[in-house]
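Notes for the one structure printed next.
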Amino acid sequence: MRRIAVSVTVVAAALALSGCGSLIGRSQAMDIAEINVSSPELREGKPLPAEYSCRGDQGSPPLRWSSQPLSEAKSIAIVVDSQATSDSAVHWVLYNIPATTTELGPNAAADPPPGSGQARVTSGKVGYDPPCKSGIYRFTVYTLKDKVVVPKDGGLPDILRDIADKTIARGRLTAVDIQ
(Lines give C-alpha, C1' and ligand atoms only; values in the text may rest on other atoms or scores of the structure.)
Protein backbone atom coordinates (compact mmCIF):
# COMPACT_ATOMS: atom_id res chain seq x y z
CA MET A 1 0.00 0.00 0.00
CA ARG A 2 2.87 2.35 0.84
CA ARG A 3 4.41 1.69 -2.58
CA ILE A 4 1.16 2.73 -4.28
CA ALA A 5 1.00 5.93 -2.20
CA VAL A 6 4.61 6.78 -3.11
CA SER A 7 3.91 6.05 -6.79
CA VAL A 8 0.82 8.25 -6.82
CA THR A 9 2.80 11.04 -5.13
CA VAL A 10 5.57 10.79 -7.73
CA VAL A 11 2.98 10.74 -10.53
CA ALA A 12 1.20 13.78 -9.07
CA ALA A 13 4.51 15.63 -8.87
CA ALA A 14 5.35 14.75 -12.48
CA LEU A 15 1.90 15.87 -13.63
CA ALA A 16 2.23 19.10 -11.69
CA LEU A 17 5.61 19.78 -13.24
CA SER A 18 4.15 19.16 -16.67
CA GLY A 19 1.39 21.67 -16.01
CA CYS A 20 -1.12 18.87 -15.64
CA GLY A 21 -1.69 19.52 -11.98
CA SER A 22 -2.26 22.56 -9.89
CA LEU A 23 0.21 21.78 -7.09
CA ILE A 24 3.16 23.65 -8.56
CA GLY A 25 1.68 25.44 -11.53
CA ARG A 26 2.99 26.28 -14.92
CA SER A 27 6.57 25.60 -15.91
CA GLN A 28 8.79 28.64 -15.68
CA ALA A 29 11.24 27.24 -18.22
CA MET A 30 9.27 28.12 -21.37
CA ASP A 31 5.90 29.16 -22.69
CA ILE A 32 3.70 26.22 -23.53
CA ALA A 33 1.51 26.56 -26.62
CA GLU A 34 -2.16 25.66 -26.29
CA ILE A 35 -3.87 22.67 -27.87
CA ASN A 36 -7.66 22.54 -28.37
CA VAL A 37 -8.93 19.13 -27.25
CA SER A 38 -12.40 17.82 -28.08
CA SER A 39 -14.32 14.58 -28.45
CA PRO A 40 -17.54 13.55 -30.15
CA GLU A 41 -18.38 11.66 -26.92
CA LEU A 42 -17.11 13.92 -24.11
CA ARG A 43 -18.12 17.45 -23.16
CA GLU A 44 -16.03 19.82 -21.06
CA GLY A 45 -17.23 19.83 -17.44
CA LYS A 46 -19.88 17.15 -18.06
CA PRO A 47 -19.94 13.55 -16.76
CA LEU A 48 -17.84 10.87 -18.43
CA PRO A 49 -20.23 8.62 -20.38
CA ALA A 50 -20.63 5.33 -18.51
CA GLU A 51 -19.55 3.32 -21.56
CA TYR A 52 -15.99 4.72 -21.11
CA SER A 53 -15.93 3.89 -17.39
CA CYS A 54 -15.53 0.53 -15.64
CA ARG A 55 -19.31 0.09 -16.08
CA GLY A 56 -19.00 0.07 -19.86
CA ASP A 57 -17.11 -1.83 -22.51
CA GLN A 58 -16.07 0.86 -25.01
CA GLY A 59 -12.47 1.30 -23.82
CA SER A 60 -10.88 4.69 -24.31
CA PRO A 61 -13.07 7.49 -25.73
CA PRO A 62 -12.32 9.13 -29.08
CA LEU A 63 -10.26 12.33 -28.89
CA ARG A 64 -9.44 15.12 -31.34
CA TRP A 65 -6.95 17.95 -31.02
CA SER A 66 -5.62 20.92 -32.94
CA SER A 67 -3.08 23.67 -32.44
CA GLN A 68 -0.83 25.93 -34.40
CA PRO A 69 1.67 23.90 -36.40
CA LEU A 70 4.87 23.55 -34.39
CA SER A 71 7.94 22.82 -36.51
CA GLU A 72 9.73 21.28 -33.51
CA ALA A 73 6.90 18.77 -32.83
CA LYS A 74 8.20 15.20 -32.93
CA SER A 75 5.46 13.26 -31.14
CA ILE A 76 2.20 13.43 -29.19
CA ALA A 77 1.38 11.98 -25.77
CA ILE A 78 -1.95 11.54 -24.01
CA VAL A 79 -2.33 11.26 -20.24
CA VAL A 80 -5.66 10.48 -18.59
CA ASP A 81 -5.64 11.06 -14.86
CA SER A 82 -8.17 11.53 -12.11
CA GLN A 83 -8.52 13.62 -9.03
CA ALA A 84 -11.00 11.86 -6.79
CA THR A 85 -11.92 12.99 -3.32
CA SER A 86 -10.05 10.07 -1.77
CA ASP A 87 -7.13 9.59 -4.18
CA SER A 88 -5.61 10.37 -7.53
CA ALA A 89 -4.67 7.97 -10.30
CA VAL A 90 -3.33 7.78 -13.84
CA HIS A 91 -5.71 5.82 -16.08
CA TRP A 92 -3.88 5.92 -19.41
CA VAL A 93 -0.61 7.07 -20.90
CA LEU A 94 -0.16 6.75 -24.65
CA TYR A 95 3.10 8.20 -25.99
CA ASN A 96 5.15 8.48 -29.18
CA ILE A 97 2.04 9.05 -31.25
CA PRO A 98 3.19 10.43 -34.63
CA ALA A 99 3.25 14.26 -34.53
CA THR A 100 0.97 14.46 -37.60
CA THR A 101 -1.86 12.63 -35.77
CA THR A 102 -4.80 14.83 -34.77
CA GLU A 103 -7.32 12.29 -33.51
CA LEU A 104 -7.82 8.86 -32.02
CA GLY A 105 -10.92 6.78 -32.56
CA PRO A 106 -12.84 4.90 -29.90
CA ASN A 107 -10.85 2.27 -28.00
CA ALA A 108 -7.49 3.43 -29.39
CA ALA A 109 -5.86 1.76 -26.40
CA ALA A 110 -6.73 -1.62 -27.94
CA ASP A 111 -5.24 -0.62 -31.31
CA PRO A 112 -2.76 2.23 -30.71
CA PRO A 113 -1.10 4.13 -33.56
CA PRO A 114 1.96 2.42 -35.07
CA GLY A 115 5.16 3.25 -33.19
CA SER A 116 3.37 4.41 -30.04
CA GLY A 117 3.69 2.91 -26.57
CA GLN A 118 1.48 2.64 -23.50
CA ALA A 119 2.63 2.87 -19.90
CA ARG A 120 1.72 0.69 -16.96
CA VAL A 121 -0.68 2.97 -15.07
CA THR A 122 -1.46 3.38 -11.37
CA SER A 123 -3.52 0.16 -11.25
CA GLY A 124 -0.66 -1.83 -12.78
CA LYS A 125 -2.49 -2.32 -16.08
CA VAL A 126 -0.90 -1.40 -19.42
CA GLY A 127 -3.31 0.63 -21.54
CA TYR A 128 -6.58 2.34 -20.67
CA ASP A 129 -7.82 1.58 -17.16
CA PRO A 130 -11.41 2.87 -17.12
CA PRO A 131 -12.36 5.10 -14.19
CA CYS A 132 -14.78 3.78 -11.56
CA LYS A 133 -15.14 6.42 -8.84
CA SER A 134 -16.66 9.86 -8.77
CA GLY A 135 -14.06 12.49 -9.46
CA ILE A 136 -12.53 14.77 -12.04
CA TYR A 137 -11.12 13.03 -15.13
CA ARG A 138 -8.59 14.92 -17.25
CA PHE A 139 -7.78 13.93 -20.83
CA THR A 140 -4.59 15.87 -21.57
CA VAL A 141 -2.86 15.97 -24.95
CA TYR A 142 0.81 17.00 -25.14
CA THR A 143 2.89 17.95 -28.16
CA LEU A 144 6.48 16.94 -27.53
CA LYS A 145 9.77 18.20 -28.96
CA ASP A 146 11.09 14.63 -29.08
CA LYS A 147 9.96 11.06 -28.62
CA VAL A 148 9.56 9.63 -25.13
CA VAL A 149 12.47 7.43 -24.14
CA VAL A 150 11.63 4.74 -21.61
CA PRO A 151 14.68 3.62 -19.65
CA LYS A 152 15.16 -0.10 -19.09
CA ASP A 153 13.04 -0.96 -16.05
CA GLY A 154 11.53 2.54 -16.30
CA GLY A 155 8.09 3.00 -14.85
CA LEU A 156 5.23 5.45 -14.91
CA PRO A 157 7.08 8.25 -13.03
CA ASP A 158 9.97 8.06 -15.55
CA ILE A 159 7.61 8.25 -18.52
CA LEU A 160 5.62 11.16 -17.04
CA ARG A 161 8.83 13.03 -16.22
CA ASP A 162 10.06 12.58 -19.80
CA ILE A 163 6.72 13.84 -21.16
CA ALA A 164 6.95 16.87 -18.84
CA ASP A 165 10.52 17.63 -19.92
CA LYS A 166 9.65 17.50 -23.64
CA THR A 167 6.28 19.33 -23.65
CA ILE A 168 5.97 22.27 -26.04
CA ALA A 169 2.15 22.42 -26.23
CA ARG A 170 -0.68 21.17 -24.04
CA GLY A 171 -4.47 21.01 -23.96
CA ARG A 172 -7.09 19.32 -21.85
CA LEU A 173 -10.67 18.09 -21.83
CA THR A 174 -12.10 17.53 -18.35
CA ALA A 175 -15.02 15.28 -17.40
CA VAL A 176 -16.62 15.61 -13.97
CA ASP A 177 -17.92 12.39 -12.44
CA ILE A 178 -19.37 9.45 -14.38
CA GLN A 179 -22.86 9.23 -15.93
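We name chains A, B, ... following the order of the C-alpha coordinates; residues begin at 1 in each chain, and ligands are numbered from 1 as shown.
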
- Query: Per DSSP on the backbone, what are the strand (DSSP E) residues of region 65-170 of chain A, as a PyMOL selection string?
  - Reply: chain A and resi 65-66+75-83+88-98+103-104+117-118+136-144+167-170

- Task: Within 7 Å of region 147-154 of chain A, counting only C-alpha atoms, which residues show up once you throw out same-chain ones fewer than 6 positions away? Write them as a list in words, please.
- Result: Lys74, Ser75, Tyr95, Asn96, Asp162 and Ile163 of chain A

Would you write out those residues with N, CA and C atoms, as a short mmCIF file (atom, residue, chain, number, x, y, z; two decimals), in the first residue's frame?
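Once written, result32.cif looks like this:
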data_model
loop_
_atom_site.label_atom_id
_atom_site.label_comp_id
_atom_site.auth_asym_id
_atom_site.auth_seq_id
_atom_site.Cartn_x
_atom_site.Cartn_y
_atom_site.Cartn_z
N LYS A 74 7.71 16.52 -32.51
CA LYS A 74 8.20 15.20 -32.93
C LYS A 74 7.26 14.07 -32.54
N SER A 75 6.42 14.30 -31.54
CA SER A 75 5.46 13.26 -31.14
C SER A 75 4.36 13.87 -30.27
N TYR A 95 2.02 7.29 -25.60
CA TYR A 95 3.10 8.20 -25.99
C TYR A 95 3.71 7.77 -27.32
N ASN A 96 4.50 8.67 -27.88
CA ASN A 96 5.15 8.48 -29.18
C ASN A 96 4.15 8.30 -30.31
N ASP A 162 9.56 12.34 -18.45
CA ASP A 162 10.06 12.58 -19.80
C ASP A 162 9.04 13.38 -20.62
N ILE A 163 7.76 13.06 -20.47
CA ILE A 163 6.72 13.84 -21.16
C ILE A 163 6.78 15.30 -20.70
#

- Query: Arg138 (chain A): which residues within 6 Å, counting only C-alpha atoms, same-chain residues fewer than 2 positions away excluded, as a ChimeraX atom specification?
  - Reply: /A:80-81,140,173-174

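With distances restricted to only C-alpha atoms, A:Ser82 is the closest residue to Ile136 (chain A) from A:Asn107, A:Thr122, A:Ser82, A:Gln179.
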
- Message: I want to know what sits within 12 Å of Leu70 (chain A), based on only C-alpha atoms, with residues of the same chain fewer than 4 positions away left out; could you give that as a PyMOL selection string?
- Response: chain A and resi 32-35+66+74-76+99-100+143-145+167-170

- Separating CA of Pro49 (chain A) from CA of Asp87 (chain A), to the nearest tenth of an Å, is a gap of 20.9 Å

- DSSP-assigned helix (DSSP H, G or I) members of region 10-174 of chain A, reported as a ChimeraX atom specification: /A:10-17,50-52,156-166

- Query: Which of these, A:Val121, A:Asp129, A:Ile178, A:Ser60, has the shortest distance to Asp158 (chain A) once you count only C-alpha atoms?
  - Reply: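 The answer is A:Val121, which sits nearest to Asp158 (chain A).
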
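Minimum distance to Val176 (chain A) across A:Ser88, A:Ser39, A:Thr102, A:Gln83 (counting only C-alpha atoms) occurs at A:Gln83.
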
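Distances here use only C-alpha atoms; by that measure, the residue among A:Ile97, A:Val79, A:Cys132, A:Ala108 closest to Arg120 (chain A) is A:Val79.
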
- Task: For CA of Gly155 (chain A) and CA of Ile78 (chain A), quote the distance in Å rounded to one decimal.
- Result: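 Atom-to-atom, CA of Gly155 (chain A) to CA of Ile78 (chain A), that is 16.1 Å.
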
Considering only C-alpha atoms, return as a PDB file with N, CA and C atoms, in the first residue's frame whatever protein or nucleic-acid residues lie within 6 Å of Lys46 (chain A), sequence-local ones (same chain, fewer than 2 positions apart) excluded.
ATOM      1  N   ARG A  43     -17.885  16.007 -23.196  1.00  0.00           N
ATOM      2  CA  ARG A  43     -18.120  17.452 -23.162  1.00  0.00           C
ATOM      3  C   ARG A  43     -17.410  18.025 -21.948  1.00  0.00           C
ATOM      4  N   GLU A  44     -16.761  19.150 -22.130  1.00  0.00           N
ATOM      5  CA  GLU A  44     -16.032  19.822 -21.055  1.00  0.00           C
ATOM      6  C   GLU A  44     -16.950  20.055 -19.859  1.00  0.00           C
ATOM      7  N   ALA A 175     -13.693  15.828 -17.718  1.00  0.00           N
ATOM      8  CA  ALA A 175     -15.022  15.281 -17.404  1.00  0.00           C
ATOM      9  C   ALA A 175     -15.166  15.274 -15.879  1.00  0.00           C
ATOM     10  N   VAL A 176     -16.357  15.563 -15.416  1.00  0.00           N
ATOM     11  CA  VAL A 176     -16.619  15.605 -13.974  1.00  0.00           C
ATOM     12  C   VAL A 176     -17.602  14.490 -13.640  1.00  0.00           C
TER      13      VAL A 176
END
